[in-house]
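> To start, I am sharing the structure in question, which I have written as structure tokens.
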Amino acid sequence: MYLLHYKSNDAAGSDSRGQSPEQMLRIIFDYTAKIANERSLISVLLHMANMGREMILADRCTVWLIDHIREELFTTVAHGVDEIRIPLGTGFVGHSVTTGEPLLVEDAYSDPRHNAENDQRTGYRTKSIITVPFVGNDGSIIGAYQAINKMDEQAIFTSIDLEHLTLAASYAGKSLESVMLHEEIAATQREIIFAMGEIGESRSKETGNHVKRVAEYSYILALGYGLSVEEAEQLKMVSPMHDIGKVAIPDAVLHKPGKLTEEEFELMKQHTITGYNLLKSSGRELMKMASIVAYEHHEKWDGTGYPRGLNGEDIHLYGRITAIADVFDALGSDRVYKKAWELDRILKLFEEERGRHFDPHLVDIFLQQFPKLLTIRQNYRDIE
């Protein structure tokens, strides 16, 4: 989970009497539309904090969520300030989350529930506070809005402000729960993908660090190619699945220390098809990406790879990137059939295979990013 705290230095063009009904409607429509189209929890929280601040002209608006495991409330504050965590039942926000009651406090320092520790740490002076819980679809409380200091001379909120922030909470709370659920599913999916990748490599008696290195190499190469951070992160997540099809390869072939016979090699090549068939039917985007990687990471730029003999850009970019990441790590690691190669020999091979085995542009990126790749290799080296 993530939390966000947003601070404004102006009153968004409104006066101290508050927003007009027309302004209020515009704010609600604008922000609920933005929130409804978001799938990033951080972005949703930012929109929520902005909406609450603008609706009641608060100096600060914070969105808190519950960390049930640690029994804490926490918020990540904007502008480089560290995360704030408090015990679940403490402070005004702790009271609202525990009781389900909204709060309107005119003078925080006259109320024993006020936790002045954060003011002391940041140098900020809290005066008036509104706290409104967020309620999920099942009626359970998932967090709370907290607005601090009205943007007028008195810096005091009114009961109308409380009504308006409660309205903002009712609009945004359901979307917040939906995005939290989406992120939880995505996190679970990532864990499953990585675990399956490790299973595939363990069948080859490779270490878990092999899939970690391939994942990190893929990420660096993807960014170097120009993919967005989001897409590069997705490739990083799915690249460990490249050899999942090896679960179906017999041990006698998979662990053979010498060169495979032609018949054994044909059997080995089936791991790409097996991996693809295991993953292709999923409706999840990450699984679809993983199926492409499993299917095409042994294709070659010149068309001599397998299983389909694709060439050039007919090979999906994800497969072309993972191919370089996988081969680089395989060459630099001890395997049952060979010892690790020296770096000079590895670099020479990539230069020779530029435009044959590998996408020439990706080889150029590989060479440009080589220092970063070596750092990754060092950080995730195998422990003997």
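By order of appearance in the structure tokens: chains A, B, ..., then residues from 1 within every chain, and ligands from 1 in the order shown.
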For Ile273 (chain A), work out the shell of residues within 9 Å, counting only C-alpha atoms and skipping chain neighbours fewer than 5 positions away, then give it as a VMD selection string.
chain A and resid 245 278 294 to 295 307
> Looking only at the backbone, which of the residues in region 139-306 of chain A does DSSP tag as helix (DSSP H, G or I), as number ranges by chain?
A: 159-203, 208-225, 229-241, 244-248, 251-254, 262-279, 285-296
> So, with only C-alpha atoms as the atoms that count, which of A:Gly309, A:Ile86, A:Asp382, A:Arg26 lies closest to Asp334 (chain A)?
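Using only C-alpha atoms, the shortest distance to Asp334 (chain A) belongs to A:Asp382.
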> Go through A:Ala33, A:Tyr318, A:Ala323, A:Lys288 one by one, measure the shortest atom-to-atom distance of each to Ser175 (chain A) using only C-alpha atoms, and give the residue with the smallest value.
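Among the listed residues, the smallest separation from Ser175 (chain A) belongs to A:Ala33.
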> Give me the region 289-354 of chain A side of the contact with region 361-365 of chain A, cut-off 12 Å, one line per residue showing its nearest atom pair and distance in Å at one decimal, counting only C-alpha atoms, sorted by chain and residue number, as a Markdown table.

| residue | atom | partner | partner_atom | distance |
| --- | --- | --- | --- | --- |
| A:Trp301 | CA | A:Leu362 | CA | 10.9 |
| A:Gly312 | CA | A:His361 | CA | 11.0 |
| A:Glu313 | CA | A:His361 | CA | 11.2 |
| A:Leu317 | CA | A:Leu362 | CA | 9.5 |
| A:Tyr318 | CA | A:Leu362 | CA | 11.3 |
| A:Gly319 | CA | A:Leu362 | CA | 11.5 |
| A:Arg320 | CA | A:Leu362 | CA | 7.9 |
| A:Ile321 | CA | A:Leu362 | CA | 7.2 |
| A:Thr322 | CA | A:Leu362 | CA | 10.5 |
| A:Ala323 | CA | A:Leu362 | CA | 10.2 |
| A:Ile324 | CA | A:Val363 | CA | 7.8 |
| A:Ala325 | CA | A:Leu362 | CA | 10.4 |
| A:Val327 | CA | A:Val363 | CA | 11.9 |
| A:Phe328 | CA | A:Val363 | CA | 10.9 |
| A:Leu347 | CA | A:Val363 | CA | 9.9 |
| A:Lys348 | CA | A:Val363 | CA | 11.4 |
| A:Leu349 | CA | A:Val363 | CA | 10.6 |
| A:Phe350 | CA | A:Val363 | CA | 6.8 |
| A:Glu351 | CA | A:Val363 | CA | 7.5 |
| A:Glu352 | CA | A:Val363 | CA | 10.2 |
| A:Glu353 | CA | A:Val363 | CA | 8.7 |
| A:Arg354 | CA | A:Val363 | CA | 6.1 |
> Please dump the current selection as an mmCIF file, in the first residue's frame; keep N, CA, C and O atoms.

data_model
loop_
_atom_site.group_PDB
_atom_site.id
_atom_site.type_symbol
_atom_site.label_atom_id
_atom_site.label_comp_id
_atom_site.auth_asym_id
_atom_site.auth_seq_id
_atom_site.Cartn_x
_atom_site.Cartn_y
_atom_site.Cartn_z
ATOM 1 N N TRP A 301 17.876 -13.631 -34.966
ATOM 2 C CA TRP A 301 17.660 -12.532 -35.898
ATOM 3 C C TRP A 301 17.729 -12.983 -37.354
ATOM 4 O O TRP A 301 16.991 -12.511 -38.209
ATOM 5 N N GLY A 312 14.401 -11.369 -37.824
ATOM 6 C CA GLY A 312 14.287 -9.923 -37.727
ATOM 7 C C GLY A 312 13.219 -9.488 -36.739
ATOM 8 O O GLY A 312 13.045 -10.069 -35.666
ATOM 9 N N GLU A 313 12.484 -8.460 -37.140
ATOM 10 C CA GLU A 313 11.470 -7.901 -36.260
ATOM 11 C C GLU A 313 10.193 -8.723 -36.220
ATOM 12 O O GLU A 313 9.254 -8.356 -35.510
ATOM 13 N N LEU A 317 9.815 -8.078 -29.692
ATOM 14 C CA LEU A 317 10.865 -7.370 -28.953
ATOM 15 C C LEU A 317 11.143 -8.018 -27.608
ATOM 16 O O LEU A 317 12.309 -8.102 -27.182
ATOM 17 N N TYR A 318 10.103 -8.485 -26.932
ATOM 18 C CA TYR A 318 10.312 -9.106 -25.615
ATOM 19 C C TYR A 318 11.201 -10.343 -25.736
ATOM 20 O O TYR A 318 12.056 -10.587 -24.880
ATOM 21 N N GLY A 319 10.994 -11.115 -26.771
ATOM 22 C CA GLY A 319 11.828 -12.291 -27.005
ATOM 23 C C GLY A 319 13.252 -11.910 -27.351
ATOM 24 O O GLY A 319 14.211 -12.550 -26.897
ATOM 25 N N ARG A 320 13.434 -10.860 -28.152
ATOM 26 C CA ARG A 320 14.772 -10.424 -28.555
ATOM 27 C C ARG A 320 15.567 -9.891 -27.364
ATOM 28 O O ARG A 320 16.772 -10.134 -27.256
ATOM 29 N N ILE A 321 14.888 -9.171 -26.491
ATOM 30 C CA ILE A 321 15.568 -8.656 -25.298
ATOM 31 C C ILE A 321 15.946 -9.788 -24.353
ATOM 32 O O ILE A 321 17.087 -9.876 -23.877
ATOM 33 N N THR A 322 14.990 -10.679 -24.085
ATOM 34 C CA THR A 322 15.258 -11.773 -23.153
ATOM 35 C C THR A 322 16.343 -12.695 -23.681
ATOM 36 O O THR A 322 17.124 -13.255 -22.909
ATOM 37 N N ALA A 323 16.429 -12.853 -24.998
ATOM 38 C CA ALA A 323 17.474 -13.696 -25.598
ATOM 39 C C ALA A 323 18.854 -13.187 -25.213
ATOM 40 O O ALA A 323 19.740 -13.961 -24.818
ATOM 41 N N ILE A 324 19.071 -11.884 -25.329
ATOM 42 C CA ILE A 324 20.373 -11.319 -24.976
ATOM 43 C C ILE A 324 20.636 -11.466 -23.485
ATOM 44 O O ILE A 324 21.734 -11.865 -23.071
ATOM 45 N N ALA A 325 19.623 -11.162 -22.662
ATOM 46 C CA ALA A 325 19.794 -11.272 -21.212
ATOM 47 C C ALA A 325 20.115 -12.704 -20.801
ATOM 48 O O ALA A 325 21.016 -12.948 -19.985
ATOM 49 N N VAL A 327 21.328 -15.290 -22.727
ATOM 50 C CA VAL A 327 22.607 -15.787 -23.252
ATOM 51 C C VAL A 327 23.778 -15.168 -22.494
ATOM 52 O O VAL A 327 24.744 -15.850 -22.153
ATOM 53 N N PHE A 328 23.683 -13.870 -22.220
ATOM 54 C CA PHE A 328 24.760 -13.217 -21.464
ATOM 55 C C PHE A 328 24.952 -13.892 -20.114
ATOM 56 O O PHE A 328 26.084 -14.173 -19.696
ATOM 57 N N LEU A 347 32.077 -10.792 -24.847
ATOM 58 C CA LEU A 347 31.923 -9.590 -25.670
ATOM 59 C C LEU A 347 32.227 -9.883 -27.134
ATOM 60 O O LEU A 347 31.531 -9.386 -28.041
ATOM 61 N N LYS A 348 33.221 -10.684 -27.383
ATOM 62 C CA LYS A 348 33.571 -11.041 -28.761
ATOM 63 C C LYS A 348 32.430 -11.796 -29.423
ATOM 64 O O LYS A 348 32.091 -11.545 -30.592
ATOM 65 N N LEU A 349 31.794 -12.710 -28.676
ATOM 66 C CA LEU A 349 30.678 -13.462 -29.246
ATOM 67 C C LEU A 349 29.520 -12.538 -29.609
ATOM 68 O O LEU A 349 28.935 -12.675 -30.692
ATOM 69 N N PHE A 350 29.181 -11.607 -28.731
ATOM 70 C CA PHE A 350 28.074 -10.701 -29.038
ATOM 71 C C PHE A 350 28.379 -9.835 -30.259
ATOM 72 O O PHE A 350 27.484 -9.552 -31.058
ATOM 73 N N GLU A 351 29.613 -9.421 -30.399
ATOM 74 C CA GLU A 351 29.980 -8.642 -31.582
ATOM 75 C C GLU A 351 29.869 -9.492 -32.848
ATOM 76 O O GLU A 351 29.407 -9.025 -33.893
ATOM 77 N N GLU A 352 30.289 -10.761 -32.740
ATOM 78 C CA GLU A 352 30.198 -11.672 -33.890
ATOM 79 C C GLU A 352 28.755 -12.007 -34.240
ATOM 80 O O GLU A 352 28.414 -12.181 -35.419
ATOM 81 N N GLU A 353 27.895 -12.130 -33.229
ATOM 82 C CA GLU A 353 26.510 -12.540 -33.443
ATOM 83 C C GLU A 353 25.560 -11.358 -33.656
ATOM 84 O O GLU A 353 24.359 -11.541 -33.778
ATOM 85 N N ARG A 354 26.104 -10.160 -33.699
ATOM 86 C CA ARG A 354 25.298 -8.967 -33.992
ATOM 87 C C ARG A 354 24.751 -9.081 -35.416
ATOM 88 O O ARG A 354 25.503 -9.162 -36.387
#
> At most 12 Å is the cut-off: for each residue in region 80-108 of chain A with any atom that close to an atom of region 155-170 of chain A, write down the nearest atom pair and the distance in Å rounded to one decimal, counting only C-alpha atoms, chain first then increasing number, as JSON lines.

{"residue": "A:Glu101", "atom": "CA", "partner": "A:Thr166", "partner_atom": "CA", "distance": 10.8}
{"residue": "A:Pro102", "atom": "CA", "partner": "A:Leu162", "partner_atom": "CA", "distance": 8.0}
{"residue": "A:Leu103", "atom": "CA", "partner": "A:Leu162", "partner_atom": "CA", "distance": 8.0}
{"residue": "A:Leu104", "atom": "CA", "partner": "A:Leu162", "partner_atom": "CA", "distance": 6.8}
{"residue": "A:Val105", "atom": "CA", "partner": "A:Phe157", "partner_atom": "CA", "distance": 7.9}
{"residue": "A:Glu106", "atom": "CA", "partner": "A:Ile156", "partner_atom": "CA", "distance": 5.7}
{"residue": "A:Asp107", "atom": "CA", "partner": "A:Ile156", "partner_atom": "CA", "distance": 8.0}
{"residue": "A:Ala108", "atom": "CA", "partner": "A:Ile156", "partner_atom": "CA", "distance": 10.3}
> Write out, as a PDB file, in the first residue's frame, the residues just selected, with N, CA and C atoms.

ATOM      1  N   GLU A 101     -16.067   7.455  12.961  1.00  0.00           N
ATOM      2  CA  GLU A 101     -16.683   8.766  13.097  1.00  0.00           C
ATOM      3  C   GLU A 101     -15.815   9.858  12.455  1.00  0.00           C
ATOM      4  N   PRO A 102     -16.426  10.759  11.683  1.00  0.00           N
ATOM      5  CA  PRO A 102     -15.678  11.918  11.196  1.00  0.00           C
ATOM      6  C   PRO A 102     -15.430  12.892  12.343  1.00  0.00           C
ATOM      7  N   LEU A 103     -14.383  13.712  12.212  1.00  0.00           N
ATOM      8  CA  LEU A 103     -14.030  14.677  13.250  1.00  0.00           C
ATOM      9  C   LEU A 103     -13.867  16.063  12.650  1.00  0.00           C
ATOM     10  N   LEU A 104     -14.315  17.060  13.381  1.00  0.00           N
ATOM     11  CA  LEU A 104     -14.046  18.457  13.059  1.00  0.00           C
ATOM     12  C   LEU A 104     -13.505  19.102  14.324  1.00  0.00           C
ATOM     13  N   VAL A 105     -12.238  19.510  14.290  1.00  0.00           N
ATOM     14  CA  VAL A 105     -11.570  20.072  15.463  1.00  0.00           C
ATOM     15  C   VAL A 105     -11.091  21.478  15.109  1.00  0.00           C
ATOM     16  N   GLU A 106     -11.506  22.474  15.899  1.00  0.00           N
ATOM     17  CA  GLU A 106     -11.120  23.856  15.621  1.00  0.00           C
ATOM     18  C   GLU A 106      -9.704  24.162  16.076  1.00  0.00           C
ATOM     19  N   ASP A 107      -9.318  23.612  17.224  1.00  0.00           N
ATOM     20  CA  ASP A 107      -7.979  23.881  17.763  1.00  0.00           C
ATOM     21  C   ASP A 107      -7.339  22.563  18.185  1.00  0.00           C
ATOM     22  N   ALA A 108      -6.435  22.065  17.358  1.00  0.00           N
ATOM     23  CA  ALA A 108      -5.839  20.750  17.598  1.00  0.00           C
ATOM     24  C   ALA A 108      -5.129  20.678  18.945  1.00  0.00           C
TER      25      ALA A 108
END
> Which of these residues is nearest to Arg53 (chain A), using only C-alpha atoms: A:Arg284, A:Arg70, A:Lys150, A:Arg85?
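For Arg53 (chain A), the nearest of the candidates is A:Lys150.
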